[in-house]
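Asker: File protein_39.tsv below, TSV, C-alpha atoms and all ligand atoms:
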chain	number	residue	atom	x	y	z
A	6	MET	CA	121.05	55.44	64.22
A	7	GLY	CA	124.68	55.87	63.22
A	8	VAL	CA	125.21	52.20	62.46
A	9	LEU	CA	122.15	52.21	60.19
A	10	ASN	CA	123.40	55.09	58.07
A	11	ASN	CA	123.94	54.00	54.53
A	12	SER	CA	123.00	50.42	55.31
A	13	LEU	CA	119.30	50.03	54.50
A	14	PRO	CA	117.75	49.42	51.08
A	15	ASP	CA	115.72	52.11	49.39
A	16	ILE	CA	112.27	50.57	49.96
A	17	GLY	CA	108.93	51.97	51.15
A	18	PRO	CA	109.21	51.50	54.94
A	19	VAL	CA	112.79	52.81	54.99
A	20	ARG	CA	111.73	55.79	52.91
A	21	ALA	CA	108.85	56.46	55.32
A	22	VAL	CA	111.25	56.52	58.26
A	23	ASP	CA	113.58	58.80	56.32
A	24	SER	CA	110.63	61.11	55.57
A	25	ALA	CA	109.74	61.35	59.24
A	26	ILE	CA	113.34	62.09	60.13
A	27	GLY	CA	113.51	64.62	57.29
A	28	TRP	CA	110.38	66.38	58.54
A	29	GLY	CA	111.89	66.70	62.00
A	30	ARG	CA	115.20	67.92	60.64
A	31	LYS	CA	113.79	70.47	58.26
A	32	SER	CA	111.83	71.95	61.16
A	33	SER	CA	114.92	72.37	63.32
A	34	ILE	CA	117.90	73.25	61.17
A	35	TRP	CA	120.83	74.46	63.25
A	36	PRO	CA	123.16	76.72	61.27
A	37	MET	CA	126.76	77.22	62.31
A	38	THR	CA	127.97	80.59	63.56
A	39	PHE	CA	130.30	81.33	60.69
A	40	GLY	CA	131.08	84.18	58.34
A	41	ILE	CA	134.00	85.13	56.13
A	42	ALA	CA	133.52	88.42	54.30
A	43	CYS	CA	130.98	91.04	53.22
A	44	CYS	CA	128.18	88.56	52.46
A	45	ALA	CA	128.16	87.67	56.16
A	46	ILE	CA	126.64	91.06	56.96
A	47	GLU	CA	123.57	90.18	54.88
A	48	MET	CA	123.46	86.77	56.54
A	49	MET	CA	123.38	88.43	59.97
A	50	ALA	CA	120.39	90.46	58.84
A	51	VAL	CA	118.55	87.22	58.15
A	52	TYR	CA	119.09	86.13	61.75
A	53	ALA	CA	117.64	89.41	63.01
A	54	ALA	CA	114.02	90.16	63.84
A	55	THR	CA	112.86	91.42	60.43
A	56	PHE	CA	113.27	88.07	58.74
A	57	ASP	CA	112.71	85.94	61.82
A	58	LEU	CA	114.30	82.61	60.99
A	59	ASP	CA	112.77	81.22	64.17
A	60	ARG	CA	109.56	80.74	62.17
A	61	PHE	CA	111.34	77.88	60.44
A	62	GLY	CA	113.21	76.55	63.44
A	63	ALA	CA	116.55	77.80	62.12
A	64	GLY	CA	117.05	80.95	64.17
A	65	VAL	CA	119.58	79.66	66.69
A	66	PRO	CA	123.09	79.49	65.23
A	67	ARG	CA	125.33	77.04	67.04
A	68	ALA	CA	128.80	77.97	68.17
A	69	THR	CA	130.34	74.65	67.21
A	70	PRO	CA	130.26	72.56	64.04
A	71	ARG	CA	129.56	69.48	66.12
A	72	GLN	CA	126.07	70.79	66.91
A	73	SER	CA	125.39	72.25	63.47
A	74	ASP	CA	123.78	70.64	60.48
A	75	LEU	CA	124.03	73.65	58.16
A	76	ILE	CA	127.02	75.73	57.18
A	77	ILE	CA	126.27	78.88	55.24
A	78	VAL	CA	129.49	79.95	53.51
A	79	PRO	CA	129.12	83.71	53.13
A	80	GLY	CA	132.14	85.44	51.65
A	81	THR	CA	135.33	85.03	49.70
A	82	VAL	CA	137.11	81.74	50.32
A	83	ASN	CA	140.82	82.11	49.73
A	84	ALA	CA	143.29	79.25	49.61
A	85	LYS	CA	144.25	79.64	53.26
A	86	MET	CA	140.64	79.76	54.42
A	87	ALA	CA	139.69	76.75	52.30
A	88	VAL	CA	141.51	74.44	54.68
A	89	ARG	CA	139.47	75.84	57.60
A	90	VAL	CA	136.19	75.56	55.73
A	91	LYS	CA	136.90	71.94	54.92
A	92	ARG	CA	137.89	71.23	58.51
A	93	LEU	CA	134.70	72.79	59.86
A	94	TYR	CA	132.63	70.80	57.40
A	95	ASP	CA	134.38	67.60	58.40
A	96	GLN	CA	133.54	68.25	62.05
A	97	MET	CA	129.80	68.41	61.35
A	98	SER	CA	127.88	65.19	61.72
A	99	GLU	CA	125.78	63.69	58.97
A	100	PRO	CA	123.43	64.60	57.49
A	101	ARG	CA	124.94	68.04	56.94
A	102	TYR	CA	124.08	70.75	54.48
A	103	VAL	CA	125.86	73.60	52.78
A	104	ILE	CA	124.57	76.89	51.37
A	105	ALA	CA	127.01	78.81	49.17
A	106	MET	CA	126.13	82.47	49.62
A	107	GLY	CA	127.37	85.08	47.18
A	108	ALA	CA	129.10	85.28	43.85
A	109	CYS	CA	132.55	84.70	45.38
A	110	VAL	CA	131.55	81.40	46.89
A	111	CYS	CA	129.47	80.31	43.92
A	112	GLY	CA	132.26	80.75	41.39
A	113	GLY	CA	134.87	83.38	42.31
A	114	GLY	CA	132.74	86.50	41.79
A	115	PRO	CA	134.77	89.67	41.29
A	116	TYR	CA	137.95	87.68	41.87
A	117	VAL	CA	137.33	85.12	39.19
A	118	LYS	CA	139.90	86.53	36.79
A	119	TRP	CA	142.66	88.09	38.90
A	120	GLY	CA	142.11	86.59	42.34
A	121	TYR	CA	145.12	84.33	42.35
A	122	ASN	CA	144.40	83.03	45.87
A	123	THR	CA	140.60	82.81	45.62
A	124	VAL	CA	138.89	79.45	45.43
A	125	LYS	CA	136.62	79.69	42.38
A	126	GLY	CA	133.62	78.08	44.00
A	127	VAL	CA	133.39	76.44	47.41
A	128	HIS	CA	131.89	73.37	45.72
A	129	LYS	CA	135.49	72.48	44.84
A	130	ILE	CA	136.09	71.85	48.54
A	131	ILE	CA	132.79	70.73	50.06
A	132	PRO	CA	129.46	69.61	48.53
A	133	VAL	CA	127.01	72.47	48.09
A	134	ASP	CA	123.28	71.88	48.43
A	135	ILE	CA	122.04	75.37	47.55
A	136	PHE	CA	123.72	78.19	45.62
A	137	VAL	CA	122.58	81.75	46.39
A	138	PRO	CA	124.18	84.11	43.85
A	139	GLY	CA	124.54	87.87	44.18
A	140	CYS	CA	127.18	90.36	45.31
A	141	PRO	CA	126.00	90.35	47.98
A	142	PRO	CA	122.67	88.50	47.82
A	143	ARG	CA	119.90	90.33	49.60
A	144	PRO	CA	118.60	88.79	52.83
A	145	GLU	CA	115.45	87.75	50.96
A	146	ALA	CA	117.58	85.70	48.57
A	147	LEU	CA	119.26	83.87	51.43
A	148	MET	CA	115.87	83.28	53.02
A	149	ASP	CA	114.73	81.76	49.75
A	150	GLY	CA	117.81	79.53	49.76
A	151	ILE	CA	117.06	78.38	53.30
A	152	LEU	CA	113.46	77.61	52.37
A	153	LYS	CA	114.66	75.62	49.37
A	154	LEU	CA	117.04	73.76	51.64
A	155	ARG	CA	114.15	72.92	53.95
A	156	GLU	CA	112.33	71.34	51.03
A	157	LYS	CA	115.42	69.34	50.19
A	158	VAL	CA	115.95	68.21	53.78
A	159	GLY	CA	112.32	67.11	53.96
A	160	ARG	CA	112.82	64.93	50.88
A	161	ASN	CA	116.16	63.54	51.95
A	162	GLN	CA	116.80	59.89	52.43
A	163	VAL	CA	119.20	60.18	55.31
A	164	PHE	CA	120.81	56.82	54.89
A	165	ALA	CA	121.43	57.09	51.16
A	166	ARG	CA	122.87	60.58	51.32
A	167	GLN	CA	125.98	59.86	53.36
A	168	ALA	CA	127.36	57.46	50.80
A	169	GLN	CA	127.21	60.14	48.14
A	170	THR	CA	129.00	62.83	50.11
A	171	ALA	CA	131.83	61.03	51.88
A	172	ALA	CA	133.51	59.45	48.87
A	173	ASP	CA	132.72	62.38	46.68
A	174	MET	CA	134.29	64.95	48.94
A	175	ASP	CA	137.65	63.35	49.54
A	176	GLY	CA	138.09	63.35	45.78
A	177	ARG	CA	137.04	66.97	45.41
A	178	TYR	CA	139.31	68.21	48.16
A	179	ALA	CA	142.27	66.36	46.73
A	180	ALA	CA	141.56	67.86	43.31
A	181	ALA	CA	141.31	71.41	44.69
A	182	LYS	CA	144.60	71.27	46.61
B	201	LIG	S1	130.04	88.11	46.66
B	201	LIG	FE1	130.40	90.32	46.80
B	201	LIG	S2	129.57	90.87	48.82
B	201	LIG	FE2	129.86	88.65	48.84
B	201	LIG	S3	131.89	88.28	49.69
B	201	LIG	FE3	132.12	88.40	47.45
B	201	LIG	S4	132.64	90.56	47.05
B	201	LIG	FE4	131.76	90.46	49.13
Write out the structure in this file as structure tokens.
Answerer:
Amino acid sequence: MGVLNNSLPDIGPVRAVDSAIGWGRKSSIWPMTFGIACCAIEMMAVYAATFDLDRFGAGVPRATPRQSDLIIVPGTVNAKMAVRVKRLYDQMSEPRYVIAMGACVCGGGPYVKWGYNTVKGVHKIIPVDIFVPGCPPRPEALMDGILKLREKVGRNQVFARQAQTAADMDGRYAAAK
């Protein structure tokens, strides 16, 4: 399928195939095992039994970006960490998705004014699909974000999406450096 990415026109049959792929993908999202700061504690609660992500096929975090199609960025991204976040994102295969979890990641949060080394929004480094604000967001809020992502994945046209992210992101990363 790799050679067909970004190569087919946006017509009915192609869209139908994309829908079928999207349905399969939204039912088996594999998040990456990844956490940065305090928001990660709330994220871990979502993986636990009370919230039961397995209901949505997303309860098995992968230990490598190469097997993950979702990175939840939970916590403060500083300038040093930004390089690692971008590298992890680059190692994920398309289509890949990003949830920005917490005020820090959405726009700098408590560090927005004086945090000289804090990236004021992870969207300056990688493309964000869903923003979940809060300091920290409650597990229910992250669950809501994951459910919204599922809707988005189900609607996705896999082949069209890659063209938007690849070019876009190199520009964003260069601008944030
Ligand atoms: S948003 Fe609040 S809870 Fe989350 S990483 Fe930032 S300071 Fe910590």
Asker: At most 8 Å is the cut-off: for each residue in chain A with any atom that close to an atom of ligand LIG 201 (chain B), write down the nearest atom pair and the distance in Å rounded to one decimal, counting only C-alpha atoms and all ligand atoms, chain first then increasing number, as CSV.
Answerer:
residue,atom,partner,partner_atom,distance
A:Ile41,CA,B:LIG201,S3,7.5
A:Ala42,CA,B:LIG201,S3,4.9
A:Cys43,CA,B:LIG201,FE4,4.2
A:Cys44,CA,B:LIG201,FE2,4.0
A:Ala45,CA,B:LIG201,S3,7.5
A:Pro79,CA,B:LIG201,S3,6.4
A:Gly80,CA,B:LIG201,S3,3.5
A:Thr81,CA,B:LIG201,S3,4.7
A:Met106,CA,B:LIG201,FE2,7.3
A:Gly107,CA,B:LIG201,S1,4.1
A:Ala108,CA,B:LIG201,S1,4.1
A:Cys109,CA,B:LIG201,FE3,4.3
A:Val110,CA,B:LIG201,S1,6.9
A:Gly113,CA,B:LIG201,FE3,7.7
A:Gly114,CA,B:LIG201,S1,5.8
A:Pro115,CA,B:LIG201,S4,6.2
A:Tyr116,CA,B:LIG201,S4,8.0
A:Pro138,CA,B:LIG201,S1,7.6
A:Gly139,CA,B:LIG201,S1,6.0
A:Cys140,CA,B:LIG201,FE1,3.5
A:Pro141,CA,B:LIG201,S2,3.7
A:Pro142,CA,B:LIG201,FE2,7.3
Asker: Using only C-alpha atoms, please write the residues we just selected to a file, as a PDB file, in the coordinates of the input.
Answerer:
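So part.pdb came out as:
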ATOM      1  CA  ILE A  41     134.000  85.130  56.130  1.00  0.00           C
ATOM      2  CA  ALA A  42     133.520  88.420  54.300  1.00  0.00           C
ATOM      3  CA  CYS A  43     130.980  91.040  53.220  1.00  0.00           C
ATOM      4  CA  CYS A  44     128.180  88.560  52.460  1.00  0.00           C
ATOM      5  CA  ALA A  45     128.160  87.670  56.160  1.00  0.00           C
ATOM      6  CA  PRO A  79     129.120  83.710  53.130  1.00  0.00           C
ATOM      7  CA  GLY A  80     132.140  85.440  51.650  1.00  0.00           C
ATOM      8  CA  THR A  81     135.330  85.030  49.700  1.00  0.00           C
ATOM      9  CA  MET A 106     126.130  82.470  49.620  1.00  0.00           C
ATOM     10  CA  GLY A 107     127.370  85.080  47.180  1.00  0.00           C
ATOM     11  CA  ALA A 108     129.100  85.280  43.850  1.00  0.00           C
ATOM     12  CA  CYS A 109     132.550  84.700  45.380  1.00  0.00           C
ATOM     13  CA  VAL A 110     131.550  81.400  46.890  1.00  0.00           C
ATOM     14  CA  GLY A 113     134.870  83.380  42.310  1.00  0.00           C
ATOM     15  CA  GLY A 114     132.740  86.500  41.790  1.00  0.00           C
ATOM     16  CA  PRO A 115     134.770  89.670  41.290  1.00  0.00           C
ATOM     17  CA  TYR A 116     137.950  87.680  41.870  1.00  0.00           C
ATOM     18  CA  PRO A 138     124.180  84.110  43.850  1.00  0.00           C
ATOM     19  CA  GLY A 139     124.540  87.870  44.180  1.00  0.00           C
ATOM     20  CA  CYS A 140     127.180  90.360  45.310  1.00  0.00           C
ATOM     21  CA  PRO A 141     126.000  90.350  47.980  1.00  0.00           C
ATOM     22  CA  PRO A 142     122.670  88.500  47.820  1.00  0.00           C
TER      23      PRO A 142
END
Asker: Could you jot down the CA of Ile77 in chain A to CA of Ala50 in chain A separation for me, Å, one decimal place?
Answerer: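 CA of Ile77 in chain A sits 13.5 Å away from CA of Ala50 in chain A.
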Asker: Have a look at A:Asn161, A:Lys91, A:Met97, A:Trp35 and name the one nearest to Lys129 in chain A; count all atoms listed in the file.
Answerer: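 Using all atoms listed in the file, Lys129 in chain A sits closest to A:Lys91.
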Asker: Separation of CA of Pro70 in chain A and CA of Val88 in chain A, in Å?
Answerer: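 So the two atoms, CA of Pro70 in chain A and CA of Val88 in chain A, lie 14.8 Å apart.
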Asker: Neighbours of range 147-160 of chain A within 6 Å (all atoms listed in the file; same-chain residues fewer than 2 positions away dropped), as a ChimeraX atom specification?
Answerer: /A:27-28,31,144-145
